[in-house]
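coords_27.csv (CSV, C-alpha atoms) appears below.
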chain,number,residue,atom,x,y,z
J,12,MET,CA,-75.6,35.3,-8.2
J,13,ASN,CA,-75.8,37.6,-11.2
J,14,ASN,CA,-73.0,38.2,-13.7
J,15,THR,CA,-72.0,41.5,-12.2
J,16,ASN,CA,-71.4,39.9,-8.8
J,17,ILE,CA,-69.4,37.1,-10.4
J,18,VAL,CA,-67.2,39.7,-12.1
J,19,TYR,CA,-66.6,41.6,-8.9
J,20,LEU,CA,-65.9,38.3,-7.0
J,21,TYR,CA,-63.4,37.3,-9.8
J,22,PHE,CA,-61.5,40.6,-9.7
J,23,GLY,CA,-61.6,40.5,-5.9
J,24,PHE,CA,-59.8,37.1,-5.9
J,25,VAL,CA,-57.3,38.4,-8.5
J,26,PHE,CA,-56.6,41.5,-6.4
J,27,PHE,CA,-56.2,39.5,-3.2
J,28,GLY,CA,-53.9,37.1,-5.1
J,29,ILE,CA,-51.7,40.0,-6.3
J,30,ILE,CA,-51.5,41.4,-2.8
J,31,LEU,CA,-50.6,38.0,-1.3
J,32,PHE,CA,-48.0,37.3,-4.0
J,33,GLN,CA,-46.5,40.8,-3.6
J,34,GLY,CA,-46.2,40.2,0.1
J,35,LEU,CA,-44.4,37.0,-0.4
J,36,PHE,CA,-42.2,38.5,-3.0
J,37,ASP,CA,-41.3,41.5,-0.8
J,38,THR,CA,-40.5,39.1,2.0
J,39,ASN,CA,-38.2,37.2,-0.2
J,40,ILE,CA,-36.5,40.4,-1.3
J,41,TYR,CA,-36.0,41.6,2.3
J,42,GLY,CA,-34.9,38.2,3.4
J,43,SER,CA,-32.4,38.1,0.6
J,44,VAL,CA,-31.1,41.6,1.5
J,45,GLU,CA,-30.9,40.6,5.2
J,46,ASP,CA,-29.0,37.4,4.3
J,47,GLU,CA,-26.6,39.3,2.1
J,48,SER,CA,-25.9,41.7,4.9
J,49,LYS,CA,-25.4,38.9,7.3
J,50,LEU,CA,-22.9,37.2,4.9
J,51,ASN,CA,-21.0,40.4,4.3
J,52,GLN,CA,-20.7,40.9,8.1
J,53,MET,CA,-19.5,37.3,8.5
J,54,TYR,CA,-16.9,37.9,5.8
J,55,LEU,CA,-15.7,41.1,7.5
J,56,ASP,CA,-15.3,39.1,10.7
J,57,ALA,CA,-13.4,36.4,8.9
J,58,GLU,CA,-11.1,38.9,7.4
J,59,TYR,CA,-10.5,40.4,10.9
J,60,TYR,CA,-9.5,37.0,12.3
J,61,PHE,CA,-7.3,36.4,9.2
J,62,THR,CA,-5.4,39.6,9.7
J,63,LYS,CA,-4.9,38.8,13.4
J,64,GLY,CA,-3.5,35.4,12.5
J,65,ASN,CA,-6.4,33.4,13.9
J,66,PHE,CA,-6.7,31.2,10.8
J,67,MET,CA,-8.8,28.5,12.3
J,68,GLN,CA,-11.5,31.1,13.3
J,69,ALA,CA,-11.3,32.7,9.9
J,70,MET,CA,-11.6,29.3,8.1
J,71,ASN,CA,-14.7,28.4,10.2
J,72,LEU,CA,-16.4,31.6,9.2
J,73,TYR,CA,-15.5,31.2,5.5
J,74,ASP,CA,-17.0,27.7,5.7
J,75,ALA,CA,-20.1,29.0,7.4
J,76,ILE,CA,-20.6,31.6,4.6
J,77,LEU,CA,-20.2,28.9,1.9
J,78,GLU,CA,-22.8,26.7,3.6
J,79,ILE,CA,-25.3,29.5,3.0
J,80,ASN,CA,-23.9,30.7,-0.4
J,81,PRO,CA,-21.5,28.2,-2.1
J,82,ASN,CA,-20.7,30.9,-4.7
J,83,TYR,CA,-19.5,33.6,-2.4
J,84,SER,CA,-16.2,34.1,-4.2
J,85,ASP,CA,-14.5,36.3,-1.6
J,86,ALA,CA,-15.0,33.5,1.0
J,87,ILE,CA,-13.6,30.9,-1.4
J,88,ALA,CA,-10.6,33.1,-2.1
J,89,GLY,CA,-10.3,33.7,1.7
J,90,LYS,CA,-9.9,30.0,2.3
J,91,GLY,CA,-7.2,30.0,-0.4
J,92,ALA,CA,-5.5,32.8,1.4
J,93,VAL,CA,-5.5,30.8,4.6
J,94,TYR,CA,-3.8,27.9,2.9
J,95,HIS,CA,-1.5,30.3,1.1
J,96,ARG,CA,-0.4,31.8,4.5
J,97,MET,CA,0.1,28.3,5.9
J,98,GLY,CA,2.4,27.4,3.0
J,99,ASP,CA,0.0,25.0,1.3
J,100,PHE,CA,0.3,26.7,-2.1
J,101,SER,CA,-1.2,23.9,-4.2
J,102,THR,CA,-4.4,23.9,-2.2
J,103,ALA,CA,-4.5,27.7,-2.2
J,104,ILE,CA,-4.3,27.7,-6.0
J,105,GLU,CA,-7.3,25.3,-6.1
J,106,TYR,CA,-9.4,27.7,-4.1
J,107,TYR,CA,-8.2,30.7,-6.1
J,108,ASP,CA,-9.1,28.9,-9.3
J,109,THR,CA,-12.6,28.3,-8.0
J,110,ALA,CA,-13.0,32.0,-7.1
J,111,ILE,CA,-11.7,33.1,-10.5
J,112,ALA,CA,-14.1,30.8,-12.2
J,113,ILE,CA,-16.9,32.7,-10.4
J,114,ASN,CA,-15.4,36.2,-10.8
J,115,GLY,CA,-12.6,36.2,-13.3
J,116,THR,CA,-12.2,40.0,-13.2
J,117,ASN,CA,-11.3,40.3,-9.6
J,118,PRO,CA,-7.7,41.5,-9.5
J,119,PHE,CA,-7.0,40.3,-6.0
J,120,PHE,CA,-7.9,36.7,-6.9
J,121,LEU,CA,-5.7,36.9,-10.0
J,122,SER,CA,-2.8,38.4,-8.0
J,123,ASP,CA,-3.1,35.9,-5.2
J,124,LYS,CA,-3.0,33.0,-7.7
J,125,GLY,CA,0.1,34.6,-9.4
J,126,ASN,CA,1.9,34.9,-6.1
J,127,ALA,CA,1.1,31.4,-5.1
J,128,LEU,CA,2.3,30.1,-8.5
J,129,LEU,CA,5.6,31.9,-8.0
J,130,ALA,CA,6.0,30.4,-4.6
J,131,ILE,CA,6.1,26.9,-6.2
J,132,GLY,CA,8.4,28.0,-9.0
J,133,PHE,CA,6.0,28.6,-11.9
J,134,ASP,CA,7.3,32.1,-12.8
J,135,SER,CA,5.9,32.3,-16.3
J,136,GLU,CA,2.4,31.3,-15.3
J,137,ALA,CA,2.7,33.7,-12.3
J,138,GLU,CA,3.7,36.5,-14.6
J,139,LYS,CA,0.6,36.1,-16.7
J,140,TYR,CA,-1.8,36.2,-13.7
J,141,LEU,CA,0.0,39.2,-12.2
J,142,ASN,CA,-0.2,41.1,-15.4
J,143,ASP,CA,-3.9,40.3,-15.8
J,144,ALA,CA,-4.4,41.7,-12.3
J,145,LEU,CA,-2.6,44.9,-13.2
J,146,ASP,CA,-4.6,45.3,-16.4
J,147,ILE,CA,-7.7,45.5,-14.2
J,148,LEU,CA,-6.2,47.4,-11.3
J,149,PRO,CA,-2.9,49.2,-12.2
J,150,THR,CA,-2.3,50.4,-8.6
J,151,HIS,CA,-2.5,46.9,-7.1
J,152,THR,CA,0.8,46.9,-5.2
J,153,ASP,CA,0.7,43.2,-4.3
J,154,ALA,CA,0.7,42.5,-8.1
J,155,LEU,CA,3.5,45.0,-8.7
J,156,ASN,CA,5.6,43.4,-6.0
J,157,GLY,CA,4.7,40.0,-7.3
J,158,LEU,CA,6.0,40.9,-10.8
J,159,ALA,CA,9.1,42.3,-9.2
J,160,ASN,CA,9.5,38.9,-7.4
J,161,VAL,CA,9.2,37.2,-10.8
J,162,TYR,CA,12.0,39.2,-12.2
J,163,SER,CA,14.1,38.7,-9.1
J,164,PHE,CA,13.5,34.9,-9.5
J,165,GLN,CA,14.7,35.2,-13.1
J,166,GLY,CA,17.7,37.3,-12.0
J,167,ASN,CA,16.6,40.3,-14.0
J,168,HIS,CA,17.2,42.9,-11.2
J,169,GLU,CA,17.1,45.9,-13.5
J,170,GLN,CA,13.5,45.2,-14.4
J,171,GLU,CA,12.8,44.3,-10.8
J,172,LEU,CA,13.8,47.8,-9.7
J,173,VAL,CA,11.3,49.3,-12.1
J,174,TYR,CA,8.4,47.5,-10.5
J,175,ARG,CA,9.7,48.1,-6.9
J,176,THR,CA,10.1,51.8,-7.6
J,177,SER,CA,6.6,51.9,-9.0
J,178,VAL,CA,5.2,50.4,-5.8
J,179,LEU,CA,7.0,53.1,-3.8
J,180,ILE,CA,5.5,55.9,-5.9
J,181,ILE,CA,2.1,54.5,-5.1
J,182,GLU,CA,2.8,53.6,-1.5
J,183,SER,CA,6.0,55.2,-0.1
J,184,ASP,CA,6.3,53.1,3.0
J,185,ASN,CA,5.8,49.7,1.4
J,186,GLN,CA,8.3,47.4,3.3
J,187,GLU,CA,8.3,44.7,0.7
J,188,ALA,CA,9.3,47.1,-2.0
J,189,LEU,CA,11.9,48.9,0.1
J,190,ILE,CA,13.6,45.6,1.1
J,191,GLY,CA,13.1,44.3,-2.4
J,192,ILE,CA,15.0,47.2,-3.9
J,193,GLY,CA,17.8,46.5,-1.4
J,194,ASN,CA,17.9,42.9,-2.5
J,195,ALA,CA,17.9,43.9,-6.1
J,196,TYR,CA,20.9,46.2,-5.6
J,197,PHE,CA,22.6,43.4,-3.6
J,198,GLY,CA,22.0,41.1,-6.6
J,199,LEU,CA,23.7,43.7,-8.8
J,200,LYS,CA,26.6,43.9,-6.3
J,201,ASP,CA,25.8,47.6,-5.6
J,202,TYR,CA,26.1,47.1,-1.9
J,203,ASP,CA,26.1,50.8,-1.0
J,204,ASN,CA,22.7,51.4,-2.6
J,205,ALA,CA,21.5,48.1,-1.1
J,206,ILE,CA,22.4,49.4,2.4
J,207,LEU,CA,20.7,52.7,1.7
J,208,HIS,CA,17.4,51.1,0.9
J,209,TYR,CA,17.6,48.6,3.8
J,210,ASP,CA,18.1,51.7,6.0
J,211,ARG,CA,15.0,53.3,4.5
J,212,ALA,CA,13.1,50.1,5.4
J,213,LEU,CA,14.6,50.1,8.9
J,214,PHE,CA,13.6,53.8,9.4
J,215,ILE,CA,10.0,52.7,9.1
J,216,GLU,CA,10.3,49.4,10.9
J,217,PRO,CA,13.5,49.4,13.0
J,218,ASN,CA,13.2,45.7,14.0
J,219,SER,CA,12.6,44.3,10.5
J,220,ILE,CA,14.6,41.1,10.5
J,221,ASN,CA,14.6,40.9,6.6
J,222,ALA,CA,16.0,44.4,6.3
J,223,LEU,CA,18.6,43.7,9.0
J,224,GLN,CA,19.7,40.4,7.4
J,225,GLY,CA,20.0,42.1,4.0
J,226,LYS,CA,22.0,45.0,5.4
J,227,SER,CA,24.3,42.5,7.2
J,228,GLN,CA,24.9,40.6,4.0
J,229,ALA,CA,25.6,43.9,2.1
J,230,TYR,CA,28.3,44.8,4.7
J,231,VAL,CA,29.8,41.4,4.1
J,232,GLY,CA,29.9,42.2,0.4
J,233,LEU,CA,31.8,45.4,1.3
J,234,GLY,CA,34.2,43.5,3.5
J,235,GLU,CA,32.8,45.2,6.6
J,236,HIS,CA,32.6,42.1,8.7
J,237,GLU,CA,32.6,43.8,12.1
J,238,LEU,CA,29.5,45.9,11.1
J,239,ALA,CA,27.8,42.7,9.8
J,240,ALA,CA,28.5,41.0,13.1
J,241,GLU,CA,27.0,43.9,15.0
J,242,ILE,CA,23.8,43.6,13.0
J,243,HIS,CA,23.7,39.8,13.6
J,244,GLN,CA,23.8,40.5,17.3
J,245,LYS,CA,20.8,42.8,17.0
J,246,ILE,CA,19.0,40.1,15.0
J,247,ASP,CA,19.6,37.5,17.7
J,248,MET,CA,18.4,40.0,20.3
J,249,ILE,CA,15.1,40.5,18.4
J,250,LYS,CA,14.6,36.8,17.9
J,251,ASN,CA,15.0,36.2,21.6
J,252,ASP,CA,12.7,39.0,22.7
J,253,PRO,CA,9.0,37.8,22.7
J,254,GLN,CA,7.6,41.3,23.0
J,255,ILE,CA,9.4,42.5,19.8
J,256,ILE,CA,8.4,39.3,17.9
J,257,GLU,CA,4.8,39.9,18.9
J,258,GLU,CA,5.0,43.5,17.7
J,259,LEU,CA,6.5,42.5,14.4
J,260,GLU,CA,3.8,39.8,13.9
J,261,ASN,CA,1.0,42.3,14.7
J,262,GLU,CA,2.5,44.9,12.3
J,263,SER,CA,2.7,42.2,9.6
J,264,LYS,CA,-0.9,41.0,10.1
J,265,THR,CA,-2.5,44.4,10.2
J,266,SER,CA,-0.6,46.0,7.3
J,267,THR,CA,-2.7,46.4,4.2
J,268,THR,CA,-1.4,47.3,0.7
J,269,GLU,CA,-4.6,46.8,-1.2
J,270,ASN,CA,-6.3,49.3,-3.5
J,271,LYS,CA,-4.5,52.4,-2.1
J,272,LYS,CA,-4.8,55.7,-4.0
J,273,ILE,CA,-1.7,57.5,-5.2
J,274,PRO,CA,-0.6,59.9,-2.4
J,275,ASN,CA,1.4,63.1,-3.0
J,276,TRP,CA,4.0,61.1,-4.9
J,277,ILE,CA,5.6,64.1,-6.5
J,278,LYS,CA,6.7,65.6,-3.2
J,279,THR,CA,7.7,62.2,-1.8
J,280,VAL,CA,9.7,61.0,-4.8
J,281,PHE,CA,11.5,64.2,-5.5
J,282,LYS,CA,12.3,64.7,-1.8
J,283,TRP,CA,14.0,61.3,-2.0
J,284,PHE,CA,15.8,62.4,-5.1
J,285,SER,CA,17.0,65.6,-3.6
J,286,ASP,CA,18.2,63.8,-0.5
J,287,ASP,CA,20.1,61.2,-2.7
J,288,LEU,CA,17.9,58.4,-1.5
J,289,ILE,CA,16.8,57.4,-5.0
J,290,SER,CA,18.6,57.8,-8.3
J,291,GLU,CA,17.5,59.7,-11.3
J,292,ASP,CA,17.3,56.5,-13.3
J,293,GLU,CA,15.0,54.9,-10.7
J,294,VAL,CA,12.6,57.9,-10.8
J,295,ILE,CA,12.5,58.0,-14.6
J,296,LYS,CA,12.0,54.2,-15.0
J,297,GLY,CA,9.3,54.2,-12.3
J,298,LEU,CA,7.4,57.2,-13.7
J,299,LYS,CA,7.7,55.8,-17.3
J,300,PHE,CA,6.2,52.5,-16.1
J,301,LEU,CA,3.3,54.2,-14.3
J,302,ILE,CA,2.5,56.4,-17.3
J,303,GLU,CA,2.5,53.4,-19.6
J,304,LYS,CA,0.1,51.6,-17.3
J,305,GLY,CA,-2.2,54.6,-17.1
J,306,ILE,CA,-1.7,55.1,-13.3
J,307,ILE,CA,-0.4,58.6,-13.9
J,308,LYS,CA,-2.2,60.4,-16.7
J,309,ILE,CA,-0.6,63.2,-18.7
J,310,SER,CA,-3.1,65.6,-20.4
Give the structure from the file, written as structure tokens.
Amino acid sequence: MNNTNIVYLYFGFVFFGIILFQGLFDTNIYGSVEDESKLNQMYLDAEYYFTKGNFMQAMNLYDAILEINPNYSDAIAGKGAVYHRMGDFSTAIEYYDTAIAINGTNPFFLSDKGNALLAIGFDSEAEKYLNDALDILPTHTDALNGLANVYSFQGNHEQELVYRTSVLIIESDNQEALIGIGNAYFGLKDYDNAILHYDRALFIEPNSINALQGKSQAYVGLGEHELAAEIHQKIDMIKNDPQIIEELENESKTSTTENKKIPNWIKTVFKWFSDDLISEDEVIKGLKFLIEKGIIKIS
């Protein structure tokens, strides 16, 4: 074999090796993409089961995801959310911590941990994580409501109202904010305003037990015991009606408040103001807060 043939043979092997390697490399890429797509679909399925209240099925899917990719932070946080919903806040926090260690800039992980910390009474620690979440995503209504809950826990109802109103400017039908405003006014012994906001919540969800209970207590505060008793009768009727209970559970499980864009808030807020459903002070405080946070930009 002459030198020329040896050179051709050498380059032939090299070329064949490159093709073979490229083929294996491409297979790995496509396999990786396929696996990632599969994991994402499994996660969406898990989230579906979670919102339907089928926590066991959701947990099984989260575990299956983590067997394939132990660092899939959304699945880790999903497991935390299951424990959170079941009332095991300490275990939930452990999972949130693991998810945050992998992705420390995810505002939903930070907010979830903040809300879990508040549930076990650590309001100062909760406030830090909720503020961190808002620094990343200023329109995160769960974090805004969480901070409002912190101030409610501390008895600072004036500051609570600022955060609740900010939520409503972002999401006008947010039940937690509407009922929370009612509770804040109740804490301030402003029972008329409390009833007004409970009614707004009931306009959206007529069978809301939390809104009805708040309204009943406000009537007691006003000395209107007969009206309070009537509301209690309605609450008893709802609690004893399986169909209504199922409807309320489905509404709760399918409601989402994450990452919503600001709607036509000017029209909504000032319609409330013109109808005396919200005070001038509430509007000013809420708008000031949203401007300071950069949610509303003034050029």
Can you list, as a count of residues only, every protein, DNA or RNA residue that comes within 9 Å of Ser101 in chain J when you count only C-alpha atoms, leaving out same-chain residues fewer than 4 positions away? 6
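The nearest approach to His168 in chain J among the residues J:Tyr73, J:Tyr107, J:Phe197, J:Phe119, with only C-alpha atoms taken into account, belongs to J:Phe197.
Closest approach to Asn126 in chain J among J:Glu235, J:Asp203, J:Asp247, J:Asp153: J:Asp153, based on all atoms listed in the file.
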Residue contacts of Asn167 in chain J (10 Å, all atoms listed in the file) excluding same-chain residues fewer than 5 positions away, as a short mmCIF file (atom, residue, chain, number, x, y, z; two decimals) with C-alpha atoms, keeping the file's coordinate frame:
data_model
loop_
_atom_site.label_atom_id
_atom_site.label_comp_id
_atom_site.auth_asym_id
_atom_site.auth_seq_id
_atom_site.Cartn_x
_atom_site.Cartn_y
_atom_site.Cartn_z
CA ALA J 159 9.10 42.30 -9.20
CA ASN J 160 9.50 38.90 -7.40
CA VAL J 161 9.20 37.20 -10.80
CA TYR J 162 12.00 39.20 -12.20
CA LEU J 172 13.80 47.80 -9.70
CA ALA J 195 17.90 43.90 -6.10
CA GLY J 198 22.00 41.10 -6.60
CA LEU J 199 23.70 43.70 -8.80
#
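Taking CA of Tyr202 in chain J as the reference point, CA of Leu238 in chain J is found at 13.5 Å.
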